[in-house]
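The file input_15.cif comes next; it holds mmCIF, C-alpha atoms.
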```cif
data_final
#
loop_
_atom_site.label_atom_id
_atom_site.label_comp_id
_atom_site.auth_asym_id
_atom_site.auth_seq_id
_atom_site.Cartn_x
_atom_site.Cartn_y
_atom_site.Cartn_z
CA MET A 1384 13.87 180.16 105.42
CA GLU A 1385 11.29 179.35 108.08
CA ARG A 1386 9.08 176.43 107.15
CA VAL A 1387 5.30 176.81 107.18
CA LYS A 1388 3.73 174.86 110.04
CA GLN A 1389 1.49 171.95 109.05
CA SER A 1390 -1.77 170.49 110.35
CA VAL A 1391 -1.97 166.68 110.46
CA VAL A 1392 -4.70 164.17 111.27
CA ILE A 1393 -3.75 160.59 112.08
CA ALA A 1394 -6.61 158.36 110.91
CA GLY A 1395 -6.48 155.24 113.03
CA GLY A 1396 -6.02 157.09 116.29
CA GLY A 1397 -6.66 153.93 118.30
CA SER A 1398 -3.81 152.01 116.68
CA THR A 1399 -0.94 150.71 118.79
CA TYR A 1400 1.37 152.53 116.33
CA THR A 1401 -0.22 155.97 116.80
CA ALA A 1402 1.79 157.01 119.86
CA GLY A 1403 4.99 156.16 117.95
CA ILE A 1404 3.92 158.35 115.04
CA VAL A 1405 3.15 161.19 117.46
CA MET A 1406 6.62 160.74 118.98
CA MET A 1407 8.24 160.86 115.56
CA LEU A 1408 6.32 163.97 114.53
CA ILE A 1409 7.36 165.75 117.73
CA GLU A 1410 10.99 164.66 117.43
CA ASN A 1411 11.10 165.96 113.83
CA ARG A 1412 9.26 169.24 114.29
CA ASP A 1413 12.42 171.18 113.40
CA LYS A 1414 12.22 169.58 109.92
CA PHE A 1415 8.42 169.23 109.79
CA PRO A 1416 6.90 171.85 112.12
CA LEU A 1417 3.31 171.38 113.28
CA ARG A 1418 0.62 173.83 114.28
CA LYS A 1419 -2.08 171.22 114.85
CA LEU A 1420 -2.18 167.45 115.46
CA LYS A 1421 -5.42 165.48 115.46
CA LEU A 1422 -6.37 161.85 116.06
CA TYR A 1423 -9.40 160.30 114.38
CA ASP A 1424 -10.96 156.87 114.88
CA ASN A 1425 -14.47 155.45 114.67
CA ASP A 1426 -13.79 153.45 117.85
CA LYS A 1427 -14.09 156.05 120.61
CA ASN A 1428 -13.17 153.78 123.52
CA ARG A 1429 -10.05 152.42 121.90
CA GLN A 1430 -8.85 155.83 120.71
CA GLU A 1431 -9.46 157.42 124.11
CA ILE A 1432 -6.79 155.26 125.76
CA ILE A 1433 -4.17 156.21 123.16
CA ALA A 1434 -5.32 159.84 122.91
CA LYS A 1435 -5.02 160.57 126.64
CA ALA A 1436 -1.40 159.45 126.55
CA CYS A 1437 -0.68 161.36 123.34
CA GLU A 1438 -2.18 164.52 124.84
CA VAL A 1439 0.26 164.23 127.75
CA ILE A 1440 3.17 163.61 125.36
CA VAL A 1441 2.32 166.67 123.25
CA LYS A 1442 1.80 168.97 126.27
CA GLU A 1443 5.07 167.79 127.79
CA ARG A 1444 7.27 167.88 124.70
CA ALA A 1445 5.64 170.31 122.25
CA PRO A 1446 3.04 172.45 124.04
CA GLU A 1447 2.86 174.88 121.10
CA ILE A 1448 1.04 172.21 119.03
CA GLU A 1449 -2.75 172.18 119.26
CA PHE A 1450 -3.92 168.61 120.01
CA VAL A 1451 -7.39 167.22 119.22
CA ALA A 1452 -8.83 163.68 119.42
CA THR A 1453 -12.25 163.09 117.88
CA THR A 1454 -14.64 160.63 116.26
CA ASP A 1455 -16.31 163.43 114.28
CA PRO A 1456 -15.08 163.43 110.65
CA GLN A 1457 -15.79 167.13 110.17
CA ILE A 1458 -13.67 168.13 113.16
CA ALA A 1459 -10.94 165.64 112.24
CA PHE A 1460 -10.60 166.43 108.54
CA SER A 1461 -11.20 170.19 108.51
CA ASP A 1462 -8.16 172.46 108.18
CA VAL A 1463 -5.57 169.73 107.63
CA ASP A 1464 -2.63 169.55 105.25
CA PHE A 1465 -1.95 165.83 105.64
CA VAL A 1466 -4.00 162.75 106.49
CA MET A 1467 -1.78 159.95 107.79
CA ALA A 1468 -3.96 156.84 107.50
CA HIS A 1469 -3.17 153.51 109.13
CA ILE A 1470 -6.52 151.94 109.83
CA ARG A 1471 -7.32 148.24 110.37
CA ALA A 1472 -10.88 147.53 109.28
CA GLY A 1473 -12.27 144.86 111.58
CA GLY A 1474 -9.46 145.15 114.08
CA LEU A 1475 -7.23 142.36 115.34
CA LYS A 1476 -10.18 140.01 115.86
CA MET A 1477 -10.76 139.94 112.11
CA ARG A 1478 -7.03 139.63 111.48
CA GLU A 1479 -7.20 136.48 113.59
CA MET A 1480 -9.90 135.11 111.26
CA ASP A 1481 -7.85 136.08 108.19
CA GLU A 1482 -4.98 133.97 109.51
CA LYS A 1483 -6.78 131.00 111.03
CA ILE A 1484 -9.36 130.24 108.32
CA PRO A 1485 -6.77 129.54 105.56
CA LEU A 1486 -4.61 127.53 107.98
CA LYS A 1487 -7.62 125.30 108.65
CA TYR A 1488 -7.26 124.19 105.00
CA GLY A 1489 -3.45 123.92 105.04
CA VAL A 1490 -2.97 127.29 103.32
CA VAL A 1491 -0.80 130.23 104.40
CA GLY A 1492 -2.58 132.36 107.00
CA GLN A 1493 -1.07 135.85 106.79
CA GLU A 1494 -2.62 139.30 107.12
CA THR A 1495 -1.60 140.70 103.71
CA CYS A 1496 -0.70 137.61 101.65
CA GLY A 1497 -2.95 134.93 100.18
CA PRO A 1498 -6.60 134.49 101.21
CA GLY A 1499 -6.09 136.41 104.46
CA GLY A 1500 -4.81 139.45 102.59
CA ILE A 1501 -7.71 139.20 100.15
CA ALA A 1502 -10.24 139.09 103.01
CA TYR A 1503 -8.56 142.08 104.64
CA GLY A 1504 -8.54 143.91 101.30
CA MET A 1505 -12.30 143.51 100.94
CA ARG A 1506 -12.70 145.23 104.33
CA SER A 1507 -10.08 147.91 103.71
CA ILE A 1508 -11.41 149.18 100.37
CA PRO A 1509 -14.59 150.90 101.66
CA ALA A 1510 -12.85 152.09 104.83
CA VAL A 1511 -10.05 153.88 102.96
CA ILE A 1512 -12.45 155.28 100.34
CA GLU A 1513 -14.49 156.77 103.19
CA LEU A 1514 -11.37 158.54 104.51
CA ILE A 1515 -10.60 159.96 101.06
CA ASP A 1516 -14.15 161.30 100.83
CA PHE A 1517 -13.86 162.96 104.25
CA MET A 1518 -10.57 164.58 103.24
CA GLU A 1519 -11.88 165.82 99.90
CA LYS A 1520 -15.01 167.22 101.52
CA TYR A 1521 -13.36 169.10 104.38
CA SER A 1522 -9.74 169.70 103.19
CA PRO A 1523 -9.64 169.26 99.41
CA ASN A 1524 -6.03 170.44 99.09
CA ALA A 1525 -4.66 167.93 101.60
CA TRP A 1526 -2.55 164.86 100.83
CA MET A 1527 -3.41 161.41 102.20
CA LEU A 1528 -0.41 159.26 103.05
CA ASN A 1529 -1.95 155.81 103.30
CA TYR A 1530 -0.21 153.12 105.29
CA SER A 1531 -3.33 150.93 105.60
CA ASN A 1532 -2.94 147.33 104.42
CA PRO A 1533 -3.09 145.39 102.18
CA ALA A 1534 -1.46 148.26 100.34
CA SER A 1535 -1.49 146.80 96.81
CA ILE A 1536 -5.21 146.02 96.89
CA VAL A 1537 -5.99 149.39 98.46
CA ALA A 1538 -3.86 151.14 95.82
CA GLU A 1539 -5.66 149.33 92.98
CA ALA A 1540 -9.04 150.27 94.51
CA THR A 1541 -8.21 153.94 95.11
CA LYS A 1542 -6.85 154.29 91.57
CA ARG A 1543 -10.06 152.81 90.20
CA PHE A 1544 -12.67 154.47 92.44
CA ARG A 1545 -10.97 157.78 93.26
CA PRO A 1546 -8.55 158.31 90.35
CA LYS A 1547 -8.08 162.05 90.94
CA SER A 1548 -7.60 161.90 94.70
CA LYS A 1549 -4.37 163.11 96.31
CA ILE A 1550 -3.41 159.82 97.92
CA ILE A 1551 -0.01 158.15 98.09
CA ASN A 1552 0.10 154.52 99.21
CA ILE A 1553 3.22 153.55 101.13
CA CYS A 1554 4.81 150.72 103.12
CA ASP A 1555 7.72 150.68 105.55
CA MET A 1556 8.70 147.02 105.08
CA PRO A 1557 11.46 147.76 102.53
CA ILE A 1558 12.83 150.29 105.05
CA ALA A 1559 12.87 147.65 107.80
CA ILE A 1560 14.72 145.25 105.50
CA LYS A 1561 17.18 147.97 104.46
CA LYS A 1562 17.96 148.61 108.14
CA SER A 1563 19.19 145.03 108.40
CA LEU A 1564 21.05 145.30 105.10
CA ALA A 1565 22.80 148.45 106.33
CA THR A 1566 23.84 146.64 109.52
CA ILE A 1567 25.18 143.71 107.49
CA LEU A 1568 27.17 146.11 105.30
CA GLY A 1569 28.51 148.13 108.23
CA LEU A 1570 26.75 151.33 107.13
CA LYS A 1571 25.44 153.93 109.55
CA ASN A 1572 21.79 153.56 108.49
CA GLU A 1573 19.52 152.63 105.60
CA ASN A 1574 19.66 156.17 104.19
CA ASP A 1575 23.24 155.46 103.15
CA ILE A 1576 21.91 152.94 100.59
CA VAL A 1577 20.75 154.10 97.14
CA ASP A 1578 18.57 151.36 95.67
CA ARG A 1579 16.82 150.20 92.54
CA TYR A 1580 13.75 148.14 93.42
CA TYR A 1581 10.78 146.84 91.49
CA GLY A 1582 7.62 144.85 92.14
CA LEU A 1583 4.39 145.17 94.05
CA ASN A 1584 3.89 145.92 97.71
CA HIS A 1585 5.16 142.96 99.79
CA PHE A 1586 6.18 141.40 96.48
CA GLY A 1587 9.40 142.91 95.16
CA TRP A 1588 13.13 142.65 94.48
CA TRP A 1589 16.20 144.88 94.71
CA SER A 1590 18.18 144.81 91.48
CA GLU A 1591 20.87 147.22 92.68
CA LEU A 1592 22.19 148.57 95.97
CA ARG A 1593 24.97 151.16 96.11
CA ASP A 1594 26.45 153.50 98.68
CA LYS A 1595 26.31 157.26 98.18
CA ASP A 1596 29.71 157.21 96.48
CA GLY A 1597 28.33 154.84 93.86
CA ASN A 1598 30.13 151.70 95.07
CA ASP A 1599 28.33 148.40 94.34
CA LEU A 1600 27.14 146.80 97.59
CA MET A 1601 25.56 143.72 96.01
CA PRO A 1602 28.58 141.31 95.98
CA LYS A 1603 29.25 141.64 99.73
CA LEU A 1604 25.56 141.49 100.52
CA LYS A 1605 24.90 138.41 98.38
CA GLU A 1606 27.73 136.55 100.08
CA HIS A 1607 26.12 137.20 103.46
CA VAL A 1608 22.49 136.62 102.44
CA LYS A 1609 23.12 133.21 100.87
CA GLN A 1610 24.42 131.99 104.25
CA PHE A 1611 22.51 133.98 106.86
CA GLY A 1612 19.56 135.67 105.17
CA TYR A 1613 18.96 139.16 106.50
CA VAL A 1614 20.21 138.41 110.01
CA ALA A 1615 23.42 140.25 110.83
CA LYS A 1616 25.84 139.41 113.62
CA THR A 1617 24.11 142.19 115.49
CA ASN A 1618 20.61 143.46 114.74
CA GLU A 1619 20.24 145.80 117.69
CA GLU A 1620 19.05 148.54 115.35
CA ASN A 1621 16.11 146.48 114.09
CA PRO A 1622 13.46 145.95 116.80
CA LEU A 1623 11.54 143.55 114.53
CA LEU A 1624 14.17 140.93 115.18
CA ASN A 1625 13.36 140.80 118.88
CA GLU A 1626 10.33 138.75 117.82
CA SER A 1627 10.78 135.08 116.91
CA SER A 1628 8.39 135.13 113.95
CA TRP A 1629 10.27 138.02 112.33
CA MET A 1630 13.63 136.43 113.10
CA ASP A 1631 12.48 133.29 111.25
CA THR A 1632 11.31 135.44 108.31
CA PHE A 1633 14.65 137.25 108.06
CA LYS A 1634 16.56 133.94 108.24
CA LYS A 1635 14.33 132.36 105.58
CA ALA A 1636 15.39 135.14 103.19
CA LYS A 1637 18.42 133.01 102.27
CA ASP A 1638 16.13 130.40 100.70
CA VAL A 1639 14.04 133.07 98.95
CA TYR A 1640 17.28 134.60 97.63
CA ALA A 1641 18.44 131.20 96.31
CA VAL A 1642 15.53 131.12 93.81
CA ASP A 1643 17.06 134.12 92.01
CA PRO A 1644 20.55 135.02 93.28
CA GLU A 1645 20.79 137.95 90.87
CA THR A 1646 18.45 140.03 93.07
CA ILE A 1647 17.75 140.69 96.74
CA PRO A 1648 14.13 139.76 97.57
CA SER A 1649 11.40 141.08 99.83
CA THR A 1650 10.94 138.85 102.87
CA TYR A 1651 7.23 138.47 102.09
CA LEU A 1652 8.06 136.37 99.04
CA LYS A 1653 8.55 133.42 101.38
CA TYR A 1654 4.74 133.13 101.59
CA TYR A 1655 4.52 132.63 97.81
CA LEU A 1656 7.69 130.63 97.15
CA TYR A 1657 7.66 128.44 100.28
CA PRO A 1658 4.01 128.20 101.37
CA ASP A 1659 4.46 124.60 102.52
CA TYR A 1660 7.26 125.68 104.87
CA VAL A 1661 5.16 128.53 106.23
CA VAL A 1662 2.15 126.30 106.95
CA GLU A 1663 4.36 123.64 108.54
CA HIS A 1664 5.84 126.27 110.88
CA SER A 1665 2.49 127.89 111.75
CA ASN A 1666 0.29 127.15 114.73
CA PRO A 1667 -3.31 127.16 113.45
CA ASN A 1668 -4.55 127.84 116.98
CA TYR A 1669 -2.15 130.67 117.81
CA THR A 1670 -1.18 133.01 114.98
CA ARG A 1671 0.58 136.33 114.64
CA ALA A 1672 -2.67 138.12 115.50
CA ASN A 1673 -2.70 136.35 118.87
CA GLU A 1674 0.94 137.33 119.45
CA VAL A 1675 0.12 140.99 118.76
CA MET A 1676 -2.95 140.92 121.02
CA ASP A 1677 -1.09 139.20 123.85
CA TYR A 1678 2.05 141.29 123.74
CA ARG A 1679 2.22 144.49 121.69
CA GLU A 1680 -1.38 145.56 122.19
CA LYS A 1681 -1.43 144.83 125.91
CA ASN A 1682 1.93 146.52 126.47
CA ILE A 1683 1.10 149.65 124.48
CA PHE A 1684 -2.31 150.10 126.07
CA ALA A 1685 -0.90 149.50 129.56
CA GLU A 1686 1.83 152.08 128.93
CA CYS A 1687 -0.66 154.62 127.58
CA LYS A 1688 -2.87 154.17 130.65
CA ARG A 1689 0.18 154.61 132.88
CA ILE A 1690 1.17 157.84 131.11
CA ALA A 1691 -2.36 159.22 131.49
CA GLU A 1692 -2.56 158.29 135.18
CA ASN A 1693 0.86 159.80 135.96
CA ASN A 1694 0.25 162.79 133.69
CA SER A 1695 3.82 162.37 132.46
CA ALA A 1696 5.64 160.49 129.69
CA LYS A 1697 9.16 161.41 130.73
CA ASP A 1698 10.19 157.80 131.36
CA THR A 1699 8.07 156.13 128.65
CA ASN A 1700 9.33 153.18 126.61
CA ILE A 1701 7.20 154.13 123.58
CA GLU A 1702 9.46 154.85 120.61
CA ALA A 1703 8.96 156.04 117.06
CA GLY A 1704 9.09 153.17 114.56
CA GLU A 1705 10.32 152.87 110.96
CA HIS A 1706 6.85 153.49 109.55
CA ALA A 1707 6.56 156.77 111.45
CA GLU A 1708 9.94 157.96 110.17
CA PHE A 1709 8.97 157.07 106.61
CA ILE A 1710 5.67 158.97 106.81
CA VAL A 1711 7.38 162.09 108.17
CA GLN A 1712 10.04 161.95 105.45
CA LEU A 1713 7.35 161.72 102.77
CA ALA A 1714 5.25 164.55 104.23
CA LYS A 1715 8.34 166.74 104.49
CA ALA A 1716 9.17 166.17 100.81
CA LEU A 1717 5.64 167.09 99.72
CA ALA A 1718 5.43 170.16 101.96
CA TYR A 1719 8.92 171.59 101.50
CA ASN A 1720 10.01 170.36 98.05
CA THR A 1721 13.01 168.36 99.29
CA HIS A 1722 13.05 165.95 96.32
CA GLU A 1723 13.49 162.84 98.45
CA ARG A 1724 14.04 159.49 96.72
CA MET A 1725 11.49 157.09 98.22
CA LEU A 1726 9.78 153.77 97.46
CA LEU A 1727 6.09 154.40 96.73
CA ILE A 1728 3.19 152.38 95.34
CA VAL A 1729 2.21 154.15 92.12
CA GLU A 1730 0.65 153.52 88.72
CA ASN A 1731 3.31 151.94 86.51
CA ASN A 1732 3.00 154.04 83.35
CA GLY A 1733 6.24 152.63 81.95
CA ALA A 1734 8.34 152.58 85.13
CA ILE A 1735 8.67 148.81 84.63
CA ALA A 1736 8.87 148.64 80.85
CA ASN A 1737 7.45 145.14 80.32
CA LEU A 1738 4.47 145.43 82.69
CA GLY A 1739 1.10 147.01 81.93
CA ASP A 1740 0.79 150.75 82.50
CA ASP A 1741 -2.19 150.30 84.85
CA VAL A 1742 -0.38 148.04 87.35
CA MET A 1743 0.15 149.57 90.80
CA VAL A 1744 3.88 148.96 91.25
CA GLU A 1745 6.31 149.71 94.07
CA VAL A 1746 9.33 151.58 92.67
CA PRO A 1747 11.65 154.44 93.68
CA CYS A 1748 10.16 157.89 93.10
CA ILE A 1749 11.36 161.47 93.47
CA VAL A 1750 8.98 163.35 95.78
CA SER A 1751 8.47 167.11 95.72
CA LYS A 1752 5.71 169.70 96.03
CA ARG A 1753 4.33 168.64 92.68
CA GLY A 1754 3.83 165.08 93.96
CA TYR A 1755 5.89 162.08 92.86
CA GLU A 1756 7.78 161.06 89.74
CA PRO A 1757 8.49 157.31 89.34
CA LEU A 1758 11.98 156.36 88.17
CA SER A 1759 12.43 153.96 85.26
CA MET A 1760 13.45 150.44 86.27
CA GLY A 1761 13.58 149.17 82.68
CA LYS A 1762 12.59 145.62 81.75
CA ILE A 1763 12.48 142.96 84.46
CA PRO A 1764 13.36 139.24 84.16
CA THR A 1765 10.84 136.61 83.06
CA PHE A 1766 10.65 134.95 86.50
CA GLN A 1767 9.73 138.13 88.34
CA LYS A 1768 7.44 139.29 85.53
CA GLY A 1769 5.50 136.02 85.63
CA MET A 1770 5.08 136.10 89.40
CA ILE A 1771 4.03 139.76 89.39
CA GLU A 1772 1.46 139.29 86.63
CA GLN A 1773 -0.17 136.38 88.47
CA GLN A 1774 -0.34 138.43 91.68
CA VAL A 1775 -1.63 141.52 89.86
CA ALA A 1776 -4.42 139.48 88.28
CA SER A 1777 -5.45 138.18 91.70
CA GLU A 1778 -5.48 141.69 93.20
CA LYS A 1779 -7.45 143.19 90.31
CA LEU A 1780 -10.03 140.41 90.68
CA VAL A 1781 -10.43 141.32 94.37
CA VAL A 1782 -11.32 144.88 93.39
CA ASP A 1783 -13.62 143.53 90.66
CA ALA A 1784 -15.33 141.35 93.27
CA PHE A 1785 -15.86 144.34 95.54
CA GLU A 1786 -17.11 146.57 92.72
CA TYR A 1787 -19.54 144.06 91.23
CA LYS A 1788 -20.32 142.15 94.46
CA SER A 1789 -19.20 139.03 92.65
CA TYR A 1790 -18.68 135.68 94.36
CA GLN A 1791 -17.20 134.31 91.12
CA LYS A 1792 -14.55 137.03 90.88
CA LEU A 1793 -13.48 136.56 94.49
CA TRP A 1794 -13.27 132.79 94.04
CA GLN A 1795 -11.06 133.42 91.00
CA ALA A 1796 -8.91 135.87 92.98
CA ILE A 1797 -8.23 133.33 95.74
CA THR A 1798 -7.67 130.54 93.19
CA LEU A 1799 -5.02 132.66 91.43
CA SER A 1800 -3.04 133.28 94.62
CA LYS A 1801 0.19 131.31 94.47
CA THR A 1802 -0.39 130.31 98.11
CA VAL A 1803 -3.54 128.28 97.24
CA PRO A 1804 -3.21 124.75 95.77
CA SER A 1805 -6.56 124.36 93.99
CA ALA A 1806 -9.87 125.96 93.08
CA LYS A 1807 -11.67 123.58 95.48
CA VAL A 1808 -9.55 124.71 98.43
CA ALA A 1809 -10.07 128.32 97.32
CA LYS A 1810 -13.85 127.84 97.37
CA ASP A 1811 -13.82 126.18 100.80
CA ILE A 1812 -11.77 129.06 102.23
CA LEU A 1813 -13.95 131.66 100.54
CA ASP A 1814 -17.16 130.22 101.96
CA ASP A 1815 -15.71 130.38 105.48
CA LEU A 1816 -14.40 133.91 104.91
CA ILE A 1817 -17.82 135.08 103.73
CA GLU A 1818 -19.39 133.90 106.98
CA ALA A 1819 -16.65 135.51 109.08
CA ASN A 1820 -16.89 138.83 107.18
CA LYS A 1821 -20.68 139.14 106.91
CA ASP A 1822 -20.61 142.40 108.91
CA PHE A 1823 -17.93 143.94 106.67
CA TRP A 1824 -18.18 142.71 103.06
CA PRO A 1825 -20.90 143.51 100.56
CA THR A 1826 -23.27 140.59 99.92
CA LEU A 1827 -21.74 138.58 97.09
CA GLN A 1828 -23.90 137.23 94.27
#
```
Kindly present the structure from the file in structure tokens form.
Amino acid sequence: MERVKQSVVIAGGGSTYTAGIVMMLIENRDKFPLRKLKLYDNDKNRQEIIAKACEVIVKERAPEIEFVATTDPQIAFSDVDFVMAHIRAGGLKMREMDEKIPLKYGVVGQETCGPGGIAYGMRSIPAVIELIDFMEKYSPNAWMLNYSNPASIVAEATKRFRPKSKIINICDMPIAIKKSLATILGLKNENDIVDRYYGLNHFGWWSELRDKDGNDLMPKLKEHVKQFGYVAKTNEENPLLNESSWMDTFKKAKDVYAVDPETIPSTYLKYYLYPDYVVEHSNPNYTRANEVMDYREKNIFAECKRIAENNSAKDTNIEAGEHAEFIVQLAKALAYNTHERMLLIVENNGAIANLGDDVMVEVPCIVSKRGYEPLSMGKIPTFQKGMIEQQVASEKLVVDAFEYKSYQKLWQAITLSKTVPSAKVAKDILDDLIEANKDFWPTLQ
């Protein structure tokens, strides 16, 4: 049966990842056909560079798709079936502050973890809520697939402030890790792995990994991980590992794994379990944000300008990434009832039996036209439960701080982060973050 063509707006049209998402949508139009593709960003100049290249790509590879790039919310959000949101409130300049201010005090400086993630969350909450409101005003039947970070804080905020909205919060990091796991195991790709996973976004564990015939993959994987982390003999399939910072993160997984060798952990747990190591191996004057600005951003923008000038993308090096593939897979399941099994960030409601129902957990779900249905992960061990509950409390306090404009709540949120050694250090960091974010945060009382 012929599939109904969809209309999609990518919110965050000026992102360096947008061209890759466009590529993925075009490459998968046999599975997820499009009638219209729009880009939306509130930064006209930045989006224009990406949009000119994307327009060439669409005309060259899928001329039947109507392409629009705009900064007008009404044009962007009218007549759409899906909003694919991957915005960065404050841009990379504010990411740089998120990373460097904590490092000044000997604390982990990372964009989604610890004080940096909390600062970013305070900026992301109103930005994502604004997108939901645009969607509900102009296309009330659409779904928002939100990839904007920090996903756990955003998910908590959207549940609280827009509880009836059709938004699904997602993250591709487990997919990137599974790519390496598949390579280690000698499997064709990550889709050959059926997993059981529980936790929060950037804060979770695999309790079971099997192949599609039901064979247990954990023993072989554990043997490898305890020696080499998530680095295989060859990682050609995982472009993340071309970057030294990600290579270090994937190697460090062996030490994260050692804390609980019954499970396979998310790489991001290194920031909470080994914060001293992370700080020791960080350059407070040149962080990941600087790397992205100096390499990825410059390269993508240069390539987009080249495509626009040549009016051709036939020899482009822009490729679709894991996050783009994940978004397309999710949209396809919602549109065409394919009942995909996918990791989503959803309200717990018993999925993890010994956590509160109102916690926004990351667990496998079955996705269909009716939305998503979380799978039961049962009870989780005391170690993971304790870590999760501390992190949940911190994230809920961030949303409290935003809602009530409370300095006290935000101080408590930073103090509760496992990356921060004391309330005094938390207060010092917070005071600096307030100054850096004065154009973005509400005034705290």
**OP:** List, as a list in words, every residue that the PyMOL selection byres ((chain A and resi 1461-1478) around 7) selects in the file provided.
**Re:**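 With the shown file as input, the PyMOL selection byres ((chain A and resi 1461-1478) around 7) matches Gln1389, Ser1390, Val1391, Val1392, Ile1393, Ala1394, Gly1395, Gln1457, Ile1458, Ala1459, Phe1460, Glu1479, Met1480, Asp1481, Glu1482, Glu1494, Arg1506, Ser1507, Ala1510, Tyr1521, Ser1522, Ala1525, Trp1526, Met1527, Leu1528, Asn1529, Tyr1530, Ser1531 and Ala1672 of chain A.
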Restrict the calculation to all atoms listed in the file, then for each residue of segment 1653-1682 of chain A with any atom at most 12 Å from an atom of segment 1417-1435 of chain A give the closest atom pair and their distance in Å to one decimal, rows by chain and rising residue number, as a Markdown table.
```
| residue | atom | partner | partner_atom | distance |
| --- | --- | --- | --- | --- |
| A:Glu1680 | CA | A:Ile1433 | CA | 11.1 |
| A:Lys1681 | CA | A:Ile1432 | CA | 11.7 |
| A:Asn1682 | CA | A:Ile1433 | CA | 11.9 |
```
Subject >> Residue IDs satisfying the PyMOL selection byres ((chain A and resi 1643) around 12), as a count of residues only >> reply: 24
**OP:** Would you be able to write out as a ChimeraX atom specification which residues have an atom within 12 Å of (4.1, 141.4, 88.3) in the file's coordinates, counting all atoms listed in the file?
**Re:** /A:1535,1581-1588,1731,1735-1745,1762-1779
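Of the listed residues (A:Thr1721, A:Ser1548, A:Gln1610, A:Gln1791), A:Thr1721 comes nearest to Phe1415 of chain A; the distances count all atoms listed in the file.
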Given the point (-11.7, 138.5, 94.7) in the coordinates of this file, which residues lie within 8 Å, counting all atoms listed in the file, and how would they look as a short mmCIF file (atom, residue, chain, number, x, y, z; two decimals) with C-alpha atoms, keeping the file's coordinate frame?
```
data_model
loop_
_atom_site.label_atom_id
_atom_site.label_comp_id
_atom_site.auth_asym_id
_atom_site.auth_seq_id
_atom_site.Cartn_x
_atom_site.Cartn_y
_atom_site.Cartn_z
CA ILE A 1501 -7.71 139.20 100.15
CA SER A 1777 -5.45 138.18 91.70
CA GLU A 1778 -5.48 141.69 93.20
CA LYS A 1779 -7.45 143.19 90.31
CA LEU A 1780 -10.03 140.41 90.68
CA VAL A 1781 -10.43 141.32 94.37
CA VAL A 1782 -11.32 144.88 93.39
CA ASP A 1783 -13.62 143.53 90.66
CA ALA A 1784 -15.33 141.35 93.27
CA PHE A 1785 -15.86 144.34 95.54
CA SER A 1789 -19.20 139.03 92.65
CA TYR A 1790 -18.68 135.68 94.36
CA GLN A 1791 -17.20 134.31 91.12
CA LYS A 1792 -14.55 137.03 90.88
CA LEU A 1793 -13.48 136.56 94.49
CA TRP A 1794 -13.27 132.79 94.04
CA GLN A 1795 -11.06 133.42 91.00
CA ALA A 1796 -8.91 135.87 92.98
CA ILE A 1797 -8.23 133.33 95.74
#
```
**OP:** Might you spell out which residues the PyMOL selection byres ((chain A and resi 1718) around 10) would select in the displayed file, as a VMD selection string?
**Re:** chain A and resid 1386 to 1389 1415 1464 to 1465 1526 1713 to 1717 1719 to 1721 1750 to 1754
Original post:
Of the candidates A:Leu1726, A:Ala1445, A:Cys1687, A:Met1601, which one gets nearest to Tyr1755 of chain A if we count only C-alpha atoms?
Top reply: A:Leu1726
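Comparing A:Glu1573, A:Glu1708, A:Glu1513, A:Glu1410 by their smallest distance to Arg1444 of chain A, the closest is A:Glu1410 (using only C-alpha atoms).
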Original post:
From the set A:Asn1666, A:Cys1437, A:Leu1758, A:Val1675, which residue has the shortest atom-to-atom contact distance to Ile1484 of chain A, counting only C-alpha atoms?
Top reply: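 Smallest distance to Ile1484 of chain A is found for A:Asn1666.
Every protein, DNA or RNA residue with an atom at most 8 Å from Ile1576 of chain A, where only C-alpha atoms count and chain neighbours fewer than 6 positions away do not, is listed here: A:Lys1561, A:Ala1565, A:Leu1592, A:Arg1593, A:Asp1594, A:Lys1595.
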Selection export as a compact mmCIF listing (two decimals), keeping the file's coordinate frame, atoms kept: C-alpha atoms:
```
# COMPACT_ATOMS: atom_id res chain seq x y z
CA LYS A 1561 17.18 147.97 104.46
CA ALA A 1565 22.80 148.45 106.33
CA LEU A 1592 22.19 148.57 95.97
CA ARG A 1593 24.97 151.16 96.11
CA ASP A 1594 26.45 153.50 98.68
CA LYS A 1595 26.31 157.26 98.18
```
**OP:** Figure out the distance between atom CA of Ile1567 of chain A and atom CA of Asp1631 of chain A, please, to one decimal in Å.
**Re:** 16.9 Å
Original post:
Which one of A:Ile1404, A:Lys1483, A:Thr1566, A:Asp1455 sits closest to Ser1665 of chain A if you count all atoms listed in the file?
Top reply: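 Closest to Ser1665 of chain A of all the choices is A:Lys1483.
When all atoms listed in the file are used to compute distances to Phe1823 of chain A, the closest of the residues A:Glu1786, A:Gly1504, A:Ala1691, A:Asp1555 turns out to be A:Gly1504.
Straight-line separation from atom CA of Ser1800 of chain A to atom CA of Asn1532 of chain A: 17.1 Å.
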**OP:** May I ask for the distance between atom CA of Ala1707 of chain A and atom CA of Met1407 of chain A, given in Å to one decimal place?
**Re:**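 About the pair atom CA of Ala1707 of chain A and atom CA of Met1407 of chain A: they are 6.0 Å apart.
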